[in-house]
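J.: Have a peek at run_13.txt (compact mmCIF, C-alpha atoms).
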# COMPACT_ATOMS: atom_id res chain seq x y z
CA MET A 1071 42.24 -14.89 -16.87
CA GLU A 1072 39.70 -17.41 -15.60
CA PRO A 1073 36.48 -16.07 -14.05
CA GLY A 1074 36.77 -15.65 -10.31
CA GLU A 1075 40.59 -15.66 -10.35
CA PRO A 1076 41.91 -12.95 -7.96
CA ILE A 1077 43.65 -10.05 -9.66
CA ASP A 1078 45.99 -9.48 -6.71
CA ASP A 1079 47.93 -12.63 -7.63
CA HIS A 1080 49.23 -10.85 -10.76
CA PRO A 1081 51.58 -7.88 -10.24
CA ALA A 1082 50.43 -6.36 -13.50
CA GLY A 1083 46.78 -7.22 -13.03
CA ASP A 1084 45.50 -3.74 -13.85
CA ALA A 1085 47.65 -3.56 -16.93
CA GLN A 1086 46.43 -6.95 -18.15
CA LEU A 1087 42.84 -5.70 -17.88
CA ALA A 1088 43.56 -2.53 -19.83
CA GLY A 1089 41.62 -1.87 -23.02
CA PRO A 1090 38.48 -3.74 -24.15
CA SER A 1091 38.89 -6.52 -21.57
CA ARG A 1092 38.79 -4.02 -18.70
CA GLU A 1093 35.75 -2.29 -20.17
CA MET A 1094 33.94 -5.63 -20.44
CA SER A 1095 34.83 -6.45 -16.83
CA VAL A 1096 33.47 -3.11 -15.59
CA ALA A 1097 30.29 -3.51 -17.65
CA ALA A 1098 29.74 -7.01 -16.26
CA GLY A 1099 30.22 -5.73 -12.72
CA LEU A 1100 27.74 -2.90 -13.22
CA GLU A 1101 25.22 -5.29 -14.74
CA ALA A 1102 25.56 -7.64 -11.77
CA LEU A 1103 25.12 -4.69 -9.38
CA LEU A 1104 21.94 -3.57 -11.15
CA ASP A 1105 20.59 -7.13 -11.04
CA PHE A 1106 21.21 -7.14 -7.29
CA TYR A 1107 19.40 -3.84 -6.81
CA VAL A 1108 16.37 -5.03 -8.82
CA SER A 1109 16.17 -8.35 -6.96
CA ALA A 1110 16.37 -6.42 -3.68
CA GLY A 1111 13.36 -4.31 -4.70
CA ALA A 1112 15.17 -1.09 -5.73
CA ASP A 1113 13.32 -0.51 -9.01
CA ALA A 1114 13.26 3.30 -8.98
CA TRP A 1115 15.70 6.14 -8.32
CA LEU A 1116 14.51 8.89 -5.99
CA GLU A 1117 17.71 10.96 -5.78
CA SER A 1118 20.64 11.60 -8.10
CA GLY A 1119 23.04 10.91 -5.25
CA PRO A 1120 23.14 8.83 -2.06
CA VAL A 1121 21.06 10.02 0.90
CA ASP A 1122 22.05 9.60 4.54
CA ALA A 1123 18.74 8.43 6.02
CA PHE A 1124 20.20 8.52 9.53
CA ALA A 1125 20.96 12.22 9.15
CA LEU A 1126 17.40 12.88 7.97
CA THR A 1127 15.78 11.13 10.92
CA ALA A 1128 18.15 12.90 13.32
CA ARG A 1129 16.51 16.25 12.63
CA PRO A 1130 15.09 18.01 15.70
CA PRO A 1131 11.33 17.50 16.13
CA VAL A 1132 9.13 20.09 14.51
CA ALA A 1133 6.57 21.90 16.67
CA ARG A 1134 3.04 20.81 15.74
CA HIS A 1135 1.72 24.31 16.45
CA PRO A 1136 4.39 26.74 15.18
CA GLN A 1137 4.25 30.22 16.61
CA SER A 1138 3.39 33.20 14.47
CA GLY A 1139 6.88 34.62 15.02
CA GLN A 1140 8.61 32.21 12.63
CA ASN A 1141 11.14 33.92 10.43
CA GLN A 1142 10.41 34.57 6.79
CA GLY A 1143 13.21 32.24 5.69
CA ALA A 1144 11.43 29.19 7.11
CA GLN A 1145 8.21 30.20 5.35
CA ASP A 1146 10.02 30.60 2.04
CA GLN A 1147 11.61 27.17 2.45
CA GLY A 1148 8.20 25.63 3.11
CA ALA A 1149 6.82 27.25 -0.05
CA GLN A 1150 9.73 25.89 -2.08
CA ASN A 1151 9.14 22.39 -0.71
CA HIS A 1152 5.44 22.64 -1.57
CA ALA A 1153 6.28 23.70 -5.15
CA ALA A 1154 8.71 20.81 -5.50
CA ARG A 1155 6.07 18.34 -4.37
CA HIS A 1156 3.55 19.81 -6.82
CA ASP A 1157 5.97 19.41 -9.73
CA ALA A 1158 6.51 15.77 -8.77
CA VAL A 1159 2.79 14.96 -9.09
CA PRO A 1160 1.94 13.28 -12.45
CA ALA A 1161 0.14 15.46 -14.96
CA SER A 1162 -2.91 13.20 -14.91
CA LEU A 1163 -3.21 13.67 -11.15
CA ARG A 1164 -2.80 17.44 -11.39
CA ALA A 1165 -5.54 17.47 -14.02
CA ALA A 1166 -7.91 15.86 -11.54
CA GLN A 1167 -7.29 18.79 -9.21
CA THR A 1168 -8.26 21.44 -11.77
CA GLY A 1169 -11.55 22.53 -13.21
CA PRO A 1170 -12.65 22.50 -16.88
CA GLY A 1171 -11.01 25.84 -17.59
CA GLY A 1172 -7.68 24.99 -16.01
CA GLY A 1173 -8.54 26.67 -12.73
CA PRO A 1174 -8.96 24.90 -9.40
CA ALA A 1175 -11.84 22.45 -9.15
CA GLN A 1176 -14.65 23.73 -6.98
CA GLU A 1177 -16.04 20.88 -4.87
CA HIS A 1178 -13.79 17.80 -5.06
CA ALA A 1179 -10.46 19.67 -4.93
CA ARG A 1180 -10.74 20.68 -1.29
CA PRO A 1181 -7.37 20.93 0.45
CA VAL A 1182 -6.08 17.58 1.71
CA ALA A 1183 -4.31 17.38 5.06
CA GLN A 1184 -0.58 16.80 4.45
CA PRO A 1185 2.46 16.17 6.68
CA PRO A 1186 4.43 19.33 7.59
CA ALA A 1187 6.60 20.62 4.75
CA ALA A 1188 9.65 20.48 7.01
CA LEU A 1189 9.39 16.68 6.99
CA THR A 1190 9.51 16.48 3.17
CA THR A 1191 12.75 16.02 1.21
CA ALA A 1192 13.53 17.64 -2.14
CA SER A 1193 12.39 14.47 -3.97
CA GLY A 1194 8.96 14.57 -2.33
CA ALA A 1195 9.64 11.73 0.12
CA VAL A 1196 8.21 12.17 3.61
CA LEU A 1197 9.87 11.15 6.86
CA PRO A 1198 7.36 8.65 8.32
CA GLY A 1199 6.17 9.37 11.82
CA ASP A 1200 3.29 10.52 13.97
CA GLU A 1201 2.78 13.67 11.89
CA ALA A 1202 2.11 11.62 8.74
CA VAL A 1203 -0.34 9.36 10.61
CA VAL A 1204 -2.23 12.37 12.00
CA ALA A 1205 -2.38 13.94 8.53
CA ALA A 1206 -3.78 10.66 7.12
CA ARG A 1207 -6.50 10.54 9.78
CA ASP A 1208 -7.48 14.15 9.13
CA ALA A 1209 -7.56 13.59 5.36
CA ALA A 1210 -9.62 10.38 5.55
CA ARG A 1211 -12.13 11.94 7.94
CA THR A 1212 -13.07 14.65 5.42
CA ALA A 1213 -14.31 12.20 2.75
CA ALA A 1214 -18.09 11.78 2.72
CA THR A 1215 -18.23 9.27 -0.17
CA LEU A 1216 -15.98 6.58 -1.62
CA GLU A 1217 -15.27 8.73 -4.66
CA GLU A 1218 -14.18 11.62 -2.47
CA LEU A 1219 -12.01 9.23 -0.49
CA ARG A 1220 -10.34 7.98 -3.68
CA GLU A 1221 -9.58 11.54 -4.79
CA THR A 1222 -8.33 12.44 -1.33
CA LEU A 1223 -6.02 9.43 -1.27
CA ALA A 1224 -4.74 10.22 -4.77
CA ARG A 1225 -3.69 13.69 -3.58
CA PHE A 1226 -2.32 12.56 -0.22
CA GLU A 1227 1.48 12.88 -0.05
CA GLY A 1228 2.18 11.30 3.31
CA CYS A 1229 3.13 7.77 2.14
CA ASN A 1230 6.37 7.30 0.20
CA LEU A 1231 5.06 4.19 -1.57
CA ARG A 1232 3.23 6.51 -3.97
CA LEU A 1233 6.63 7.56 -5.40
CA THR A 1234 7.56 4.06 -6.59
CA ALA A 1235 4.16 2.56 -7.43
CA LYS A 1236 2.74 2.88 -10.92
CA SER A 1237 -0.91 3.07 -9.84
CA LEU A 1238 -3.11 3.83 -6.90
CA VAL A 1239 -4.97 0.56 -6.23
CA PHE A 1240 -8.03 1.83 -4.41
CA ALA A 1241 -10.82 -0.78 -4.52
CA ASP A 1242 -13.15 -2.81 -6.72
CA GLY A 1243 -16.86 -3.47 -6.27
CA PRO A 1244 -20.16 -1.73 -5.50
CA ALA A 1245 -20.41 0.77 -2.67
CA ASN A 1246 -23.37 -1.09 -1.11
CA ALA A 1247 -21.81 -4.57 -1.21
CA PRO A 1248 -22.93 -6.86 1.65
CA LEU A 1249 -19.53 -8.61 1.71
CA MET A 1250 -16.16 -6.84 1.89
CA PHE A 1251 -12.67 -8.34 1.56
CA VAL A 1252 -9.52 -6.60 2.81
CA GLY A 1253 -6.03 -7.78 1.84
CA GLU A 1254 -2.62 -6.41 2.72
CA ALA A 1255 -1.14 -4.66 -0.35
CA PRO A 1256 -1.29 -4.89 -4.16
CA GLY A 1257 1.21 -6.87 -6.22
CA ARG A 1258 2.69 -6.44 -9.67
CA ASP A 1259 -0.47 -7.23 -11.67
CA GLU A 1260 -2.59 -5.02 -9.44
CA ASP A 1261 -0.10 -2.16 -9.72
CA LEU A 1262 -0.18 -2.35 -13.53
CA ARG A 1263 -3.98 -2.37 -13.76
CA GLY A 1264 -4.90 -0.28 -10.71
CA VAL A 1265 -7.40 -2.93 -9.50
CA PRO A 1266 -6.98 -5.15 -6.41
CA PHE A 1267 -6.72 -8.95 -6.68
CA VAL A 1268 -6.44 -9.44 -10.45
CA GLY A 1269 -3.39 -11.74 -10.54
CA ARG A 1270 -3.26 -15.46 -9.80
CA SER A 1271 -4.41 -14.99 -6.21
CA GLY A 1272 -7.24 -12.78 -7.43
CA GLN A 1273 -8.39 -15.44 -9.88
CA LEU A 1274 -8.49 -17.97 -7.05
CA LEU A 1275 -10.43 -15.51 -4.90
CA ASP A 1276 -12.98 -15.11 -7.71
CA ARG A 1277 -13.54 -18.89 -7.78
CA MET A 1278 -13.88 -18.99 -3.99
CA ILE A 1279 -16.51 -16.24 -4.13
CA GLU A 1280 -18.42 -18.06 -6.86
CA ALA A 1281 -18.34 -21.25 -4.78
CA ILE A 1282 -20.66 -19.64 -2.20
CA GLY A 1283 -23.14 -18.40 -4.77
CA LEU A 1284 -21.81 -14.86 -5.36
CA THR A 1285 -19.84 -13.13 -8.10
CA ARG A 1286 -17.01 -10.62 -7.98
CA GLY A 1287 -19.50 -7.91 -8.89
CA ASP A 1288 -21.41 -8.61 -5.67
CA VAL A 1289 -18.51 -7.92 -3.28
CA TYR A 1290 -16.20 -5.03 -2.39
CA ILE A 1291 -12.43 -5.74 -2.45
CA THR A 1292 -9.63 -3.51 -1.19
CA ASN A 1293 -6.27 -3.55 0.65
CA VAL A 1294 -4.90 -1.92 3.78
CA VAL A 1295 -2.06 -0.38 1.71
CA PRO A 1296 -3.20 1.00 -1.68
CA TRP A 1297 0.26 1.24 -3.29
CA ARG A 1298 2.55 -1.65 -4.25
CA PRO A 1299 5.72 -1.79 -2.13
CA PRO A 1300 8.90 -2.02 -4.25
CA GLY A 1301 9.80 -5.59 -5.13
CA ASN A 1302 6.57 -6.86 -3.50
CA ARG A 1303 8.19 -6.51 -0.10
CA THR A 1304 6.08 -6.46 3.06
CA PRO A 1305 4.84 -2.95 3.95
CA SER A 1306 6.65 -1.47 6.92
CA PRO A 1307 4.71 -0.83 10.15
CA GLN A 1308 4.95 2.92 9.49
CA GLU A 1309 3.53 2.56 5.97
CA THR A 1310 0.68 0.43 7.28
CA GLU A 1311 -0.19 2.94 10.03
CA ILE A 1312 -0.19 5.83 7.56
CA CYS A 1313 -2.51 4.02 5.14
CA LYS A 1314 -4.80 2.43 7.74
CA PRO A 1315 -7.12 5.46 8.26
CA PHE A 1316 -8.14 5.31 4.59
CA VAL A 1317 -9.19 1.64 4.65
CA LEU A 1318 -11.02 2.18 7.96
CA ARG A 1319 -12.93 5.00 6.30
CA GLN A 1320 -13.78 2.67 3.39
CA ILE A 1321 -15.26 0.18 5.84
CA GLU A 1322 -17.34 2.94 7.44
CA LEU A 1323 -18.64 4.13 4.04
CA VAL A 1324 -19.39 0.68 2.59
CA ARG A 1325 -20.86 -0.66 5.85
CA PRO A 1326 -20.90 -4.33 4.71
CA ARG A 1327 -22.83 -6.97 6.61
CA VAL A 1328 -19.72 -9.16 6.75
CA LEU A 1329 -16.04 -8.16 6.63
CA VAL A 1330 -13.39 -10.75 5.70
CA PHE A 1331 -9.68 -10.23 6.34
CA LEU A 1332 -7.61 -11.98 3.68
CA GLY A 1333 -4.51 -13.12 5.54
CA GLY A 1334 -3.03 -12.40 8.92
CA ALA A 1335 -1.46 -9.06 7.93
CA SER A 1336 -4.76 -7.26 7.31
CA ALA A 1337 -6.39 -8.89 10.36
CA LYS A 1338 -3.57 -7.79 12.64
CA ALA A 1339 -3.45 -4.28 11.18
CA LEU A 1340 -7.17 -3.62 11.62
CA THR A 1341 -7.94 -5.54 14.82
CA GLY A 1342 -4.66 -5.38 16.73
CA ALA A 1343 -4.53 -9.18 17.04
CA GLN A 1344 -1.15 -10.81 17.65
CA GLU A 1345 -1.81 -14.48 16.79
CA GLY A 1346 -0.83 -16.09 13.51
CA ILE A 1347 -3.38 -16.57 10.76
CA LEU A 1348 -3.87 -20.27 11.48
CA ARG A 1349 -5.09 -19.29 14.95
CA LEU A 1350 -7.01 -16.22 13.80
CA ARG A 1351 -8.89 -17.79 10.88
CA GLY A 1352 -12.46 -18.85 11.45
CA ARG A 1353 -12.83 -16.80 14.65
CA TRP A 1354 -15.65 -14.27 14.40
CA THR A 1355 -15.29 -10.84 15.95
CA GLN A 1356 -16.95 -7.43 15.86
CA MET A 1357 -15.41 -4.62 13.83
CA PRO A 1358 -16.44 -1.27 15.37
CA LEU A 1359 -17.71 1.50 13.09
CA GLY A 1360 -16.72 4.52 15.13
CA ASP A 1361 -19.65 5.47 17.36
CA ASP A 1362 -22.21 3.78 15.13
CA GLY A 1363 -22.32 0.07 15.93
CA ALA A 1364 -20.17 -2.75 14.60
CA ILE A 1365 -20.14 -5.39 11.86
CA LYS A 1366 -19.28 -9.08 11.80
CA ALA A 1367 -15.69 -9.82 10.81
CA VAL A 1368 -13.64 -12.96 10.29
CA ALA A 1369 -10.15 -13.76 9.04
CA THR A 1370 -9.31 -16.43 6.48
CA LEU A 1371 -6.25 -17.63 4.59
CA HIS A 1372 -4.90 -15.39 1.84
CA PRO A 1373 -5.36 -16.80 -1.70
CA ALA A 1374 -1.61 -16.40 -2.32
CA TYR A 1375 -0.97 -18.64 0.70
CA LEU A 1376 -3.43 -21.20 -0.67
CA LEU A 1377 -1.59 -21.26 -4.00
CA ARG A 1378 1.58 -22.23 -2.14
CA ASN A 1379 -0.22 -24.62 0.23
CA PRO A 1380 -3.18 -26.17 -1.64
CA VAL A 1381 -3.84 -28.64 1.18
CA GLN A 1382 -5.04 -25.73 3.35
CA LYS A 1383 -7.90 -24.93 0.99
CA ARG A 1384 -10.14 -27.08 3.15
CA LEU A 1385 -9.74 -24.55 5.99
CA ALA A 1386 -10.57 -21.62 3.72
CA TRP A 1387 -13.63 -23.52 2.46
CA ARG A 1388 -14.90 -23.85 6.02
CA ASP A 1389 -14.46 -20.11 6.51
CA PHE A 1390 -16.35 -19.30 3.30
CA LEU A 1391 -19.19 -21.62 4.28
CA ALA A 1392 -19.45 -19.69 7.55
CA VAL A 1393 -19.46 -16.40 5.61
CA ARG A 1394 -22.25 -17.72 3.37
CA GLU A 1395 -24.27 -18.67 6.43
CA ALA A 1396 -23.72 -15.24 8.00
CA LEU A 1397 -24.89 -13.56 4.79
CA GLY A 1398 -27.84 -15.91 4.28
CA SER A 1399 -26.65 -16.39 0.68
CA PRO A 1400 -28.16 -19.04 -1.61
CA GLN A 1401 -26.63 -22.51 -1.62
CA ALA A 1402 -23.40 -22.88 -3.56
CA GLY A 1403 -23.45 -24.78 -6.82
As structure tokens, please, write out the structure in this file.
T.:
Amino acid sequence: MEPGEPIDDHPAGDAQLAGPSREMSVAAGLEALLDFYVSAGADAWLESGPVDAFALTARPPVARHPQSGQNQGAQDQGAQNHAARHDAVPASLRAAQTGPGGGPAQEHARPVAQPPAALTTASGAVLPGDEAVVAARDAARTAATLEELRETLARFEGCNLRLTAKSLVFADGPANAPLMFVGEAPGRDEDLRGVPFVGRSGQLLDRMIEAIGLTRGDVYITNVVPWRPPGNRTPSPQETEICKPFVLRQIELVRPRVLVFLGGASAKALTGAQEGILRLRGRWTQMPLGDDGAIKAVATLHPAYLLRNPVQKRLAWRDFLAVREALGSPQAG
């Protein structure tokens, strides 16, 4: 039978495919289905069977302040969910939460605010919503240093991207850097190495930084979302909102003299702007630091965009010249 020929045209189609030919046809179909899943970004299995996401989101809202009269069954279920989430944490991450003797760590293993257990599935996935955003804000607020913030983020369970990413891509650079770059989310190379902007776009960013008289070791680089979305897809608005408190806390702790948004996604997420990047780039603004002043901020074109559109490098060069002037850096070579 020729490829693509309909089986229905043959009364004995199933019989003709019996034996090795039928097995090869089934194998080819399964292989094509797996290729489709991978190209669509489904590179990990979270459940052994299909999950009705509509049924999960249709659950009645959970009270934010449960009364003390809850039945014991609900408490037991919450404990079981907590144990399931603990077992799903990698051994290396659990080791970071224990002390030298295997007991709980004393100072850096403080409890991290988490979404309510009732919003967590058996696989450890969390239903995104206001509860997860509130838990992220509470968790980020407790970190007094960048190292504490990294550990807090590593133990935070409110973003489902952690279940499919290989690494937590926190940041790169000194804590007292005068210049800070914020992108959108890590890609494949960043996910493998756990460092932001190390792929082709990162190499271009390094050359752009050197062009204004600095080196990568002089700047602080991070992303709004610290985990790679499956298939390099764009982070959803819910994922961005859940992760945003942690990058805002990074900005507060680093306190750079100049903040640069790499691309329109990070600029829109952190400033609330609605314009496209070609309208946003080059326009200086003030990024508030809570109740303690503000810092200069500007958006520029993302290095990945420049790789696809080299003619636009002239616009990014203008932005970097303005950044150099704002920093008072030495003349570029």
J.: Quick one: pull the distance between CA of Gln1184 in chain A and CA of Arg1263 in chain A, Å, one decimal.
T.: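 Taking CA of Gln1184 in chain A and CA of Arg1263 in chain A, their separation equals 26.7 Å.
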J.: Provide the CA of Leu1223 in chain A to CA of Gln1344 in chain A distance in Å, to one decimal place.
T.: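 For CA of Leu1223 in chain A relative to CA of Gln1344 in chain A, the distance reads 28.1 Å.
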J.: Mind giving me the straight-line distance from CA of Ala1183 in chain A to CA of Ala1245 in chain A in Å, one decimal?
T.: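 It comes out at 24.4 Å.
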J.: Write out as a ChimeraX atom specification which residues come within 8 Å of range 1353-1361 of chain A when counting all atoms listed in the file, dropping same-chain ones fewer than 5 positions away.
T.: /A:1321-1322,1341,1366-1369
J.: From (-19.8, 5.3, 0.9), in the file's coordinates, out to 12 Å: which residues are reached, counting all atoms listed in the file? Answer as a list in words.
T.: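 Residues found, by chain and rising number: Ala1213, Ala1214, Thr1215, Leu1216, Glu1217, Glu1218, Leu1219, Arg1220, Gly1243, Pro1244, Ala1245, Asn1246, Ala1247, Tyr1290, Val1317, Leu1318, Arg1319, Gln1320, Ile1321, Glu1322, Leu1323, Val1324, Arg1325 and Pro1326 of chain A.
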J.: If you take all atoms listed in the file and a cut-off of 12 Å, which residues of range 1252-1281 of chain A touch range 1292-1314 of chain A, and what are their nearest atom pairs and distances in Å to one decimal, in chain and number order, as a tab-separated table?
T.:
residue	atom	partner	partner_atom	distance
A:Val1252	CA	A:Asn1293	CA	5.0
A:Gly1253	CA	A:Asn1293	CA	4.4
A:Glu1254	CA	A:Asn1293	CA	5.1
A:Ala1255	CA	A:Val1295	CA	4.8
A:Pro1256	CA	A:Arg1298	CA	5.0
A:Gly1257	CA	A:Arg1298	CA	5.7
A:Arg1258	CA	A:Arg1298	CA	7.2
A:Asp1259	CA	A:Arg1298	CA	9.8
A:Glu1260	CA	A:Arg1298	CA	8.0
A:Asp1261	CA	A:Arg1298	CA	6.1
A:Leu1262	CA	A:Arg1298	CA	9.7
A:Arg1263	CA	A:Arg1298	CA	11.6
A:Gly1264	CA	A:Trp1297	CA	9.2
A:Val1265	CA	A:Thr1292	CA	8.6
A:Pro1266	CA	A:Thr1292	CA	6.1
A:Phe1267	CA	A:Thr1292	CA	8.3
A:Val1268	CA	A:Thr1292	CA	11.4
A:Gly1272	CA	A:Thr1292	CA	11.4
J.: I'd like to know which of A:Leu1397, A:Ala1209, A:Cys1229, A:Val1182 is closest to Gly1194 in chain A, using all atoms listed in the file.
T.: A:Cys1229
J.: Using only C-alpha atoms for the distances, tell me which of A:Lys1383, A:Arg1351, A:Arg1225, A:Arg1394 is nearest to Leu1275 in chain A.
T.: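 Nearest to Leu1275 in chain A: A:Lys1383.
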